file structure04.cif (mmCIF, C-alpha atoms and all ligand atoms)
data_structure
#
loop_
_atom_site.label_atom_id
_atom_site.label_comp_id
_atom_site.auth_asym_id
_atom_site.auth_seq_id
_atom_site.Cartn_x
_atom_site.Cartn_y
_atom_site.Cartn_z
CA ALA A 1 95.61 86.29 159.07
CA ARG A 2 93.55 83.57 157.52
CA GLN A 3 91.28 86.20 155.99
CA GLU A 4 94.28 88.05 154.60
CA GLY A 5 95.52 84.84 153.03
CA ALA A 6 92.15 84.22 151.43
CA GLY A 7 92.20 87.75 150.00
CA ARG A 8 95.60 87.22 148.49
CA ALA A 9 94.47 83.92 147.03
CA ARG A 10 91.47 85.63 145.42
CA LEU A 11 93.72 88.32 143.93
CA PHE A 12 96.04 85.65 142.64
CA ASP A 13 93.12 83.72 141.11
CA ALA A 14 91.89 86.89 139.43
CA ALA A 15 95.32 87.63 137.94
CA LEU A 16 95.69 84.06 136.80
CA GLY A 17 92.22 84.20 135.25
CA ARG A 18 93.11 87.38 133.38
CA ALA A 19 96.34 85.87 132.05
CA GLN A 20 94.49 82.76 130.93
CA ARG A 21 91.78 84.78 129.21
CA ARG A 22 94.41 86.86 127.43
CA ARG A 23 96.20 83.72 126.28
CA GLN A 24 92.89 82.23 125.11
CA GLN A 25 91.94 85.39 123.20
CA LEU A 26 95.33 85.37 121.50
CA LEU A 27 95.06 81.68 120.64
CA ASP A 28 91.57 82.26 119.20
CA ALA A 29 92.85 85.09 117.00
CA LEU A 30 95.80 82.99 115.87
CA ARG A 31 93.74 79.91 115.10
CA SER A 32 90.90 81.78 113.39
CA GLY A 33 93.07 82.47 110.37
CA ALA A 34 91.24 85.81 110.05
CA PHE A 35 94.52 87.69 110.43
CA ASP A 36 93.24 90.84 108.73
CA ASP A 37 90.87 91.41 111.63
CA ALA A 38 93.32 90.83 114.44
CA PHE A 39 96.79 91.82 113.23
CA ARG A 40 98.42 94.78 111.59
CA ILE A 41 101.88 95.66 110.45
CA VAL A 42 103.92 98.69 111.43
CA TYR A 43 107.05 99.89 109.65
CA GLN A 44 110.16 101.16 111.42
CA PRO A 45 112.49 103.22 109.21
CA LYS A 46 116.23 102.60 108.99
CA PHE A 47 118.67 105.37 108.12
CA SER A 48 122.23 105.55 106.84
CA ALA A 49 124.54 106.52 109.70
CA VAL A 50 126.23 109.04 107.42
CA GLY A 51 123.78 111.73 106.35
CA ARG A 52 120.79 109.95 107.89
CA GLN A 53 119.12 109.08 104.63
CA LEU A 54 116.16 106.71 104.71
CA CYS A 55 117.43 103.33 103.48
CA GLY A 56 114.70 100.85 104.37
CA PHE A 57 112.12 99.67 106.85
CA GLU A 58 111.60 96.76 109.19
CA ALA A 59 108.09 95.28 109.20
CA LEU A 60 106.88 94.53 112.73
CA ALA A 61 103.68 92.68 113.53
CA ARG A 62 101.14 93.91 116.08
CA TRP A 63 98.18 92.12 117.53
CA GLN A 64 95.40 94.68 117.73
CA SER A 65 92.92 93.55 120.35
CA ALA A 66 89.74 95.46 121.15
CA SER A 67 90.16 94.83 124.86
CA LEU A 68 93.95 94.70 125.20
CA GLY A 69 95.21 97.28 122.69
CA ALA A 70 98.43 96.67 120.74
CA VAL A 71 100.23 93.53 121.89
CA SER A 72 103.93 92.99 121.08
CA PRO A 73 105.09 90.07 118.94
CA ASP A 74 107.31 89.07 121.85
CA GLU A 75 104.10 87.76 123.37
CA PHE A 76 102.25 86.30 120.37
CA ILE A 77 105.05 84.92 118.18
CA PRO A 78 105.98 82.22 120.76
CA LEU A 79 102.28 81.37 121.08
CA ALA A 80 101.95 81.21 117.30
CA GLU A 81 104.91 78.85 117.24
CA GLU A 82 103.29 76.71 119.90
CA CYS A 83 99.93 76.34 118.15
CA GLY A 84 101.29 76.06 114.62
CA ALA A 85 99.76 79.33 113.43
CA ILE A 86 103.20 80.75 112.71
CA VAL A 87 103.24 79.35 109.17
CA PRO A 88 99.91 80.85 107.97
CA LEU A 89 100.61 84.03 109.99
CA GLY A 90 104.03 84.35 108.39
CA ARG A 91 102.50 83.89 104.94
CA TRP A 92 99.93 86.55 105.70
CA LEU A 93 102.66 88.95 106.85
CA LEU A 94 104.71 88.40 103.71
CA ASP A 95 101.64 88.92 101.55
CA ARG A 96 100.68 92.16 103.35
CA VAL A 97 104.21 93.57 103.19
CA CYS A 98 104.48 92.80 99.48
CA ALA A 99 101.01 94.26 98.83
CA GLN A 100 102.18 97.43 100.59
CA LEU A 101 105.34 97.66 98.49
CA ARG A 102 103.27 97.19 95.34
CA ALA A 103 100.89 99.97 96.44
CA TRP A 104 103.85 102.33 96.99
CA LEU A 105 105.29 101.53 93.56
CA ASP A 106 101.90 102.00 91.91
CA ARG A 107 101.69 105.46 93.48
CA GLY A 108 105.02 106.32 91.89
CA LEU A 109 106.91 106.35 95.18
CA ALA A 110 110.58 105.41 95.38
CA ALA A 111 109.96 102.45 97.68
CA GLU A 112 112.79 101.39 100.00
CA PRO A 113 113.39 97.72 100.92
CA VAL A 114 111.30 96.23 103.72
CA ALA A 115 112.86 93.63 106.01
CA VAL A 116 110.66 90.89 107.48
CA ASN A 117 111.50 88.78 110.52
CA VAL A 118 111.43 85.02 110.31
CA SER A 119 111.14 82.71 113.27
CA VAL A 120 112.11 79.11 113.90
CA GLY A 121 108.77 77.47 113.07
CA GLN A 122 108.61 79.17 109.69
CA VAL A 123 111.94 77.73 108.68
CA ALA A 124 111.38 74.29 110.17
CA ASN A 125 107.76 73.55 109.20
CA GLY A 126 106.69 75.87 106.47
CA ASP A 127 108.10 76.33 103.06
CA PHE A 128 109.25 79.86 103.79
CA LEU A 129 111.19 80.16 100.56
CA ALA A 130 108.12 79.20 98.50
CA ALA A 131 106.04 81.72 100.46
CA VAL A 132 108.55 84.46 99.64
CA GLU A 133 108.61 83.54 95.97
CA ASP A 134 104.80 83.37 95.84
CA ALA A 135 104.42 86.80 97.39
CA LEU A 136 107.02 88.42 95.11
CA ARG A 137 105.41 86.87 92.05
CA ARG A 138 101.86 87.72 93.08
CA TRP A 139 102.72 91.37 93.68
CA ARG A 140 105.22 91.61 90.80
CA LEU A 141 108.09 92.88 92.92
CA PRO A 142 111.83 92.96 92.33
CA PRO A 143 113.50 90.77 94.99
CA GLU A 144 115.70 93.66 96.14
CA LEU A 145 112.68 95.26 97.81
CA LEU A 146 112.34 92.41 100.27
CA GLN A 147 114.91 91.58 102.95
CA VAL A 148 114.84 88.81 105.51
CA GLU A 149 116.09 89.06 109.11
CA ILE A 150 117.14 85.77 110.63
CA THR A 151 118.24 85.78 114.26
CA GLU A 152 121.67 84.53 115.09
CA SER A 153 120.15 82.12 117.63
CA LEU A 154 117.75 80.66 115.05
CA LEU A 155 120.64 80.06 112.76
CA MET A 156 122.72 78.40 115.44
CA GLN A 157 119.77 76.27 116.52
CA ASP A 158 119.39 74.76 113.09
CA LEU A 159 122.52 75.55 111.17
CA HIS A 160 121.64 73.28 108.29
CA SER A 161 118.20 74.66 107.35
CA GLY A 162 119.14 78.21 108.38
CA SER A 163 122.15 78.31 106.15
CA ALA A 164 120.32 76.56 103.30
CA LEU A 165 117.59 79.20 103.54
CA ALA A 166 120.14 82.03 103.57
CA HIS A 167 121.80 80.62 100.46
CA ALA A 168 118.50 80.18 98.64
CA LEU A 169 117.28 83.70 99.47
CA THR A 170 120.58 85.35 98.57
CA GLY A 171 120.67 83.35 95.35
CA ARG A 172 117.33 84.88 94.44
CA GLY A 173 118.50 88.43 95.09
CA ILE A 174 116.96 88.80 98.54
CA GLU A 175 119.31 90.18 101.21
CA VAL A 176 119.60 88.26 104.46
CA HIS A 177 120.46 90.10 107.68
CA LEU A 178 121.67 88.42 110.84
CA ASP A 179 119.41 89.76 113.62
CA ASP A 180 120.26 90.12 117.32
CA PHE A 181 123.89 89.67 116.42
CA GLY A 182 126.24 89.18 119.35
CA THR A 183 123.80 87.23 121.50
CA GLY A 184 123.91 83.84 119.83
CA TYR A 185 127.54 82.76 120.10
CA SER A 186 127.91 82.07 116.40
CA SER A 187 131.23 80.71 115.36
CA LEU A 188 133.27 83.33 113.58
CA ALA A 189 134.60 80.73 111.19
CA TYR A 190 131.06 79.90 110.22
CA LEU A 191 130.10 83.52 109.67
CA TRP A 192 132.64 83.72 106.92
CA GLU A 193 130.74 81.20 104.77
CA LEU A 194 127.30 82.51 105.56
CA PRO A 195 125.71 84.56 102.77
CA VAL A 196 124.38 87.37 104.95
CA SER A 197 124.86 90.94 103.79
CA ALA A 198 124.46 92.62 107.17
CA LEU A 199 125.01 92.02 110.87
CA LYS A 200 122.27 93.58 112.95
CA LEU A 201 123.84 94.36 116.30
CA ASP A 202 121.63 93.50 119.21
CA ARG A 203 120.00 96.36 121.07
CA ARG A 204 121.88 95.63 124.29
CA PHE A 205 125.17 96.81 122.74
CA THR A 206 123.62 100.09 121.63
CA LEU A 207 122.20 100.46 125.12
CA GLY A 208 125.62 99.97 126.69
CA LEU A 209 127.36 102.61 124.57
CA GLY A 210 128.45 105.62 126.55
CA ALA A 211 128.08 103.88 129.90
CA GLN A 212 130.04 100.67 129.43
CA PRO A 213 133.45 100.71 127.75
CA GLN A 214 133.01 96.99 126.95
CA ALA A 215 130.03 97.77 124.70
CA ARG A 216 132.15 100.14 122.67
CA ALA A 217 134.89 97.53 122.32
CA ILE A 218 132.36 94.94 121.14
CA VAL A 219 130.78 97.24 118.58
CA ASP A 220 134.24 98.22 117.41
CA SER A 221 135.27 94.61 116.83
CA VAL A 222 131.95 93.66 115.19
CA VAL A 223 132.45 96.53 112.73
CA ALA A 224 136.02 95.38 112.04
CA LEU A 225 134.81 91.82 111.53
CA ALA A 226 131.99 92.95 109.23
CA ARG A 227 134.41 95.07 107.18
CA ALA A 228 136.77 92.14 106.77
CA LEU A 229 133.89 89.92 105.61
CA GLY A 230 132.35 92.54 103.34
CA LYS A 231 129.16 92.91 105.39
CA LYS A 232 127.27 95.96 106.63
CA VAL A 233 126.52 96.69 110.28
CA ILE A 234 123.06 97.81 111.35
CA ALA A 235 122.61 99.13 114.89
CA GLU A 236 119.17 98.85 116.44
CA GLY A 237 117.61 100.40 119.52
CA VAL A 238 119.28 103.79 118.99
CA GLU A 239 117.57 106.08 121.50
CA THR A 240 120.03 108.94 122.12
CA GLU A 241 122.16 111.32 120.05
CA ASP A 242 125.12 110.13 122.09
CA GLN A 243 124.61 106.54 120.93
CA ALA A 244 124.11 107.66 117.33
CA ARG A 245 127.33 109.70 117.41
CA ILE A 246 129.41 106.84 118.83
CA LEU A 247 127.93 104.35 116.35
CA LEU A 248 128.82 106.69 113.50
CA GLU A 249 132.35 107.12 114.88
CA LEU A 250 132.78 103.37 115.14
CA GLY A 251 131.74 102.91 111.53
CA CYS A 252 128.23 101.45 111.73
CA ASP A 253 126.46 101.73 108.40
CA VAL A 254 122.79 101.88 109.35
CA LEU A 255 120.89 103.18 112.40
CA GLN A 256 117.44 102.20 113.63
CA GLY A 257 115.72 103.25 116.83
CA TYR A 258 113.32 105.56 118.62
CA LEU A 259 115.74 108.51 118.26
CA LEU A 260 115.30 108.43 114.50
CA ALA A 261 111.80 106.99 114.14
CA ARG A 262 109.36 104.72 115.93
CA PRO A 263 107.52 101.91 114.18
CA MET A 264 104.70 103.64 112.25
CA THR A 265 101.68 102.92 110.07
CA ALA A 266 102.17 102.31 106.36
CA ALA A 267 100.50 105.66 105.65
CA ALA A 268 103.04 107.50 107.82
CA ALA A 269 105.90 105.51 106.29
CA ALA A 270 104.80 106.49 102.77
CA LEU A 271 105.23 110.17 103.65
CA LEU A 272 108.97 109.51 104.13
CA LEU A 273 109.39 108.09 100.63
CA PRO A 274 110.80 110.32 97.91
CA GLY A 275 108.19 111.10 95.29
CA ALA A 276 105.44 111.44 97.86
CA ALA A 277 102.96 114.03 96.69
CA PRO A 278 100.70 115.67 99.23
CA SER A 279 97.32 113.99 98.87
P1 LIG B 301 113.47 92.51 116.75
O1 LIG B 301 113.49 91.94 115.37
O2 LIG B 301 114.79 92.60 117.45
O3 LIG B 301 112.76 93.90 116.61
C1 LIG B 301 113.15 95.07 117.25
C2 LIG B 301 112.23 95.40 118.39
O4 LIG B 301 112.76 96.55 119.07
C3 LIG B 301 110.82 95.78 117.98
O5 LIG B 301 109.94 95.35 119.01
C4 LIG B 301 110.88 97.30 117.95
O6 LIG B 301 109.63 97.92 118.10
C5 LIG B 301 111.78 97.58 119.11
N1 LIG B 301 112.51 98.84 119.00
C6 LIG B 301 112.82 99.54 117.89
N2 LIG B 301 113.52 100.65 118.18
C7 LIG B 301 113.68 100.65 119.53
C8 LIG B 301 114.35 101.54 120.45
O7 LIG B 301 114.95 102.56 120.09
N3 LIG B 301 114.32 101.20 121.76
C9 LIG B 301 113.68 100.09 122.21
N4 LIG B 301 113.68 99.84 123.52
N5 LIG B 301 113.05 99.23 121.38
C10 LIG B 301 113.06 99.50 120.04
P2 LIG B 301 108.62 94.55 118.66
O8 LIG B 301 107.96 95.16 117.48
O9 LIG B 301 107.85 94.42 119.92
O10 LIG B 301 109.17 93.14 118.19
C11 LIG B 301 109.75 92.24 119.09
C12 LIG B 301 110.30 91.03 118.36
O11 LIG B 301 109.24 90.26 117.79
C13 LIG B 301 111.19 91.38 117.19
O12 LIG B 301 112.47 91.65 117.67
C14 LIG B 301 111.10 90.14 116.34
O13 LIG B 301 112.02 89.15 116.78
C15 LIG B 301 109.70 89.64 116.60
N6 LIG B 301 108.83 90.00 115.47
C16 LIG B 301 108.27 91.19 115.18
N7 LIG B 301 107.51 91.13 114.07
C17 LIG B 301 107.61 89.86 113.62
C18 LIG B 301 107.09 89.15 112.50
O14 LIG B 301 106.36 89.72 111.66
N8 LIG B 301 107.41 87.83 112.36
C19 LIG B 301 108.23 87.19 113.25
N9 LIG B 301 108.51 85.93 113.04
N10 LIG B 301 108.74 87.83 114.31
C20 LIG B 301 108.45 89.15 114.51
CA CA B 302 118.02 103.92 99.06
CA CA B 303 114.39 92.15 113.52
CA CA B 304 116.92 92.60 116.72
#
call {"tool": "encode", "arguments": {"input": "structure04.cif", "output": "structure tokens", "more": "lines below"}}
Ligand code: C2E
Ligand code: CA
Ligand code: CA
Ligand code: CA
result
Amino acid sequence: ARQEGAGRARLFDAALGRAQRRRQQLLDALRSGAFDDAFRIVYQPKFSAVGRQLCGFEALARWQSASLGAVSPDEFIPLAEECGAIVPLGRWLLDRVCAQLRAWLDRGLAAEPVAVNVSVGQVANGDFLAAVEDALRRWRLPPELLQVEITESLLMQDLHSGSALAHALTGRGIEVHLDDFGTGYSSLAYLWELPVSALKLDRRFTLGLGAQPQARAIVDSVVALARALGKKVIAEGVETEDQARILLELGCDVLQGYLLARPMTAAAAALLLPGAAPS
């Protein structure tokens, strides 16, 4: 029994060692500032619910590690927040997204807007607004081509800076979308004053459609609320035709999810843009 225990302890040590090495590798990549080498951006298309026309993309970051493959931002964004790399990483992301939009325009493609995600540390510590303006200026882009997704929980965490940022972005012609909507307990009264043009329904509600009648009721009331406030509703995590059909019935404006398209490389995304000539 003692031997067995020692074996388990060794296995545990090995797993712990692996986790620590992974964390260290990630931290090294984040602190190096050489983001081009370690990170890449994928683009997930969004489609109108009616007619399923391409209407934009969401830019999603990936950490591309030689030994670990593609690592999700769910793992490295919190780490980037912790070590302060979120501000330079966020600037790099904005710059790369804008460079991509510029490249599409220069090829004569009818570029669709790209939404970027912003996290707490970017709003609190960095001058996110200045970074956005810099990137738009540097790449000579109309502001309508960039959109910003702010999570409902971020906004509730720091209502003052979140709402100031939303006002400033909107004032400059950049749409703000409220991400993971329905999970953050935002006050409905507050939503009324917030300059966001779309509510992005959290994936869990899409997931519940079909199986749970409550999910349908929630989506239904979010759509009604959005209509009353003059905002669009974007549903994410759409994986089945059943979900897409119900979302359309309920009046959602935009659909995003694996059913329609997975996050893809910029080259694959360009093939979806009108004006694309075979090269
Ligand atoms: P999010 O903004 O809610 O992004 C949606 C996530 O759902 C993405 O995961 C996407 O790949 C995934 N997804 C899309 N369609 C489906 C589907 O049909 N089914 C399922 N199960 N999943 C789907 P990802 O790329 O791993 O991103 C996770 C989170 O990391 C994002 O959640 C966002 O909060 C954050 N994030 C991603 N990129 C960035 C970034 O550049 N900057 C910041 N600050 N955060 C980012
Ligand atoms: Ca369009
Ligand atoms: Ca998002
Ligand atoms: Ca989301």
call {"tool": "closest_residue", "arguments": {"input": "structure04.cif", "among": "A:Val123, A:Leu89, A:Val254, A:Ala235", "to": "ligand CA 302 (chain B)", "atoms": "all atoms listed in the file"}}
result
A:Val254
call {"tool": "residues_around", "arguments": {"input": "structure04.cif", "residues": "stretch 158-164 of chain A", "least_positions_apart": "2", "cutoff": "9 Å", "atoms": "all atoms listed in the file", "output": "PyMOL selection string"}}
result
chain A and resi 120+123-124+150+153-156+166-169+194-195
call {"tool": "write_last_selection", "arguments": {"input": "structure04.cif", "atoms": "C-alpha atoms", "output": "compact mmCIF listing (two decimals), keeping the file's coordinate frame"}}
result
# COMPACT_ATOMS: atom_id res chain seq x y z
CA VAL A 120 112.11 79.11 113.90
CA VAL A 123 111.94 77.73 108.68
CA ALA A 124 111.38 74.29 110.17
CA ILE A 150 117.14 85.77 110.63
CA SER A 153 120.15 82.12 117.63
CA LEU A 154 117.75 80.66 115.05
CA LEU A 155 120.64 80.06 112.76
CA MET A 156 122.72 78.40 115.44
CA ALA A 166 120.14 82.03 103.57
CA HIS A 167 121.80 80.62 100.46
CA ALA A 168 118.50 80.18 98.64
CA LEU A 169 117.28 83.70 99.47
CA LEU A 194 127.30 82.51 105.56
CA PRO A 195 125.71 84.56 102.77
call {"tool": "closest_residue", "arguments": {"input": "structure04.cif", "among": "A:Ala211, A:Ala270, A:Ala135, A:Leu255", "to": "A:Leu199", "atoms": "only C-alpha atoms"}}
result
A:Leu255
call {"tool": "residues_near_ligand", "arguments": {"input": "structure04.cif", "ligand": "ligand CA 302 (chain B)", "cutoff": "10 Å", "atoms": "all atoms listed in the file", "output": "MDAnalysis selection string"}}
result
chainID A and resid 47:48 53:56 110:113 273:274
call {"tool": "atom_distance", "arguments": {"input": "structure04.cif", "atom1": "atom C12 of ligand LIG 301 (chain B)", "atom2": "atom CA of A:Asp37"}}
result
20.6 Å
call {"tool": "atom_distance", "arguments": {"input": "structure04.cif", "atom1": "atom CA of A:Asp127", "atom2": "atom CA of A:Gln44"}}
result
26.3 Å
call {"tool": "closest_residue", "arguments": {"input": "structure04.cif", "among": "A:Leu68, A:Leu146, A:Ile86, A:Leu79", "to": "A:Arg102", "atoms": "all atoms listed in the file"}}
result
A:Leu146
call {"tool": "residues_near_ligand", "arguments": {"input": "structure04.cif", "ligand": "ligand CA 303 (chain B)", "cutoff": "9 Å", "atoms": "all atoms listed in the file", "output": "PyMOL selection string"}}
result
chain A and resi 58-60+115-118+148-151+177-180+200+236
call {"tool": "atom_distance", "arguments": {"input": "structure04.cif", "atom1": "atom CA of A:Ala38", "atom2": "atom CA of ligand CA 304 (chain B)"}}
result
23.8 Å
call {"tool": "closest_residue", "arguments": {"input": "structure04.cif", "among": "A:Thr183, A:Ser221, A:Thr170, A:Gln25", "to": "A:Glu152", "atoms": "all atoms listed in the file"}}
result
A:Thr183
call {"tool": "residues_around", "arguments": {"input": "structure04.cif", "residues": "A:Gln214", "least_positions_apart": "6", "cutoff": "10 Å", "atoms": "only C-alpha atoms", "output": "list of chain:residue names"}}
result
A:Phe205, A:Gly208, A:Asp220
call {"tool": "closest_residue", "arguments": {"input": "structure04.cif", "among": "A:Lys231, A:Arg10, A:Arg91, A:Arg245", "to": "A:Arg216", "atoms": "only C-alpha atoms"}}
result
A:Arg245
call {"tool": "closest_residue", "arguments": {"input": "structure04.cif", "among": "A:Thr206, A:Gln3, A:Gln20, A:Gln157", "to": "ligand LIG 301 (chain B)", "atoms": "all atoms listed in the file"}}
result
A:Thr206
call {"tool": "axis_aligned_box", "arguments": {"input": "structure04.cif", "around": "ligand LIG 301 (chain B)", "padding_each_side": "6 Å", "output": "JSON"}}
result
{"center_x": 110.7, "center_y": 94.2, "center_z": 117.6, "size_x": 20.6, "size_y": 28.6, "size_z": 23.9}
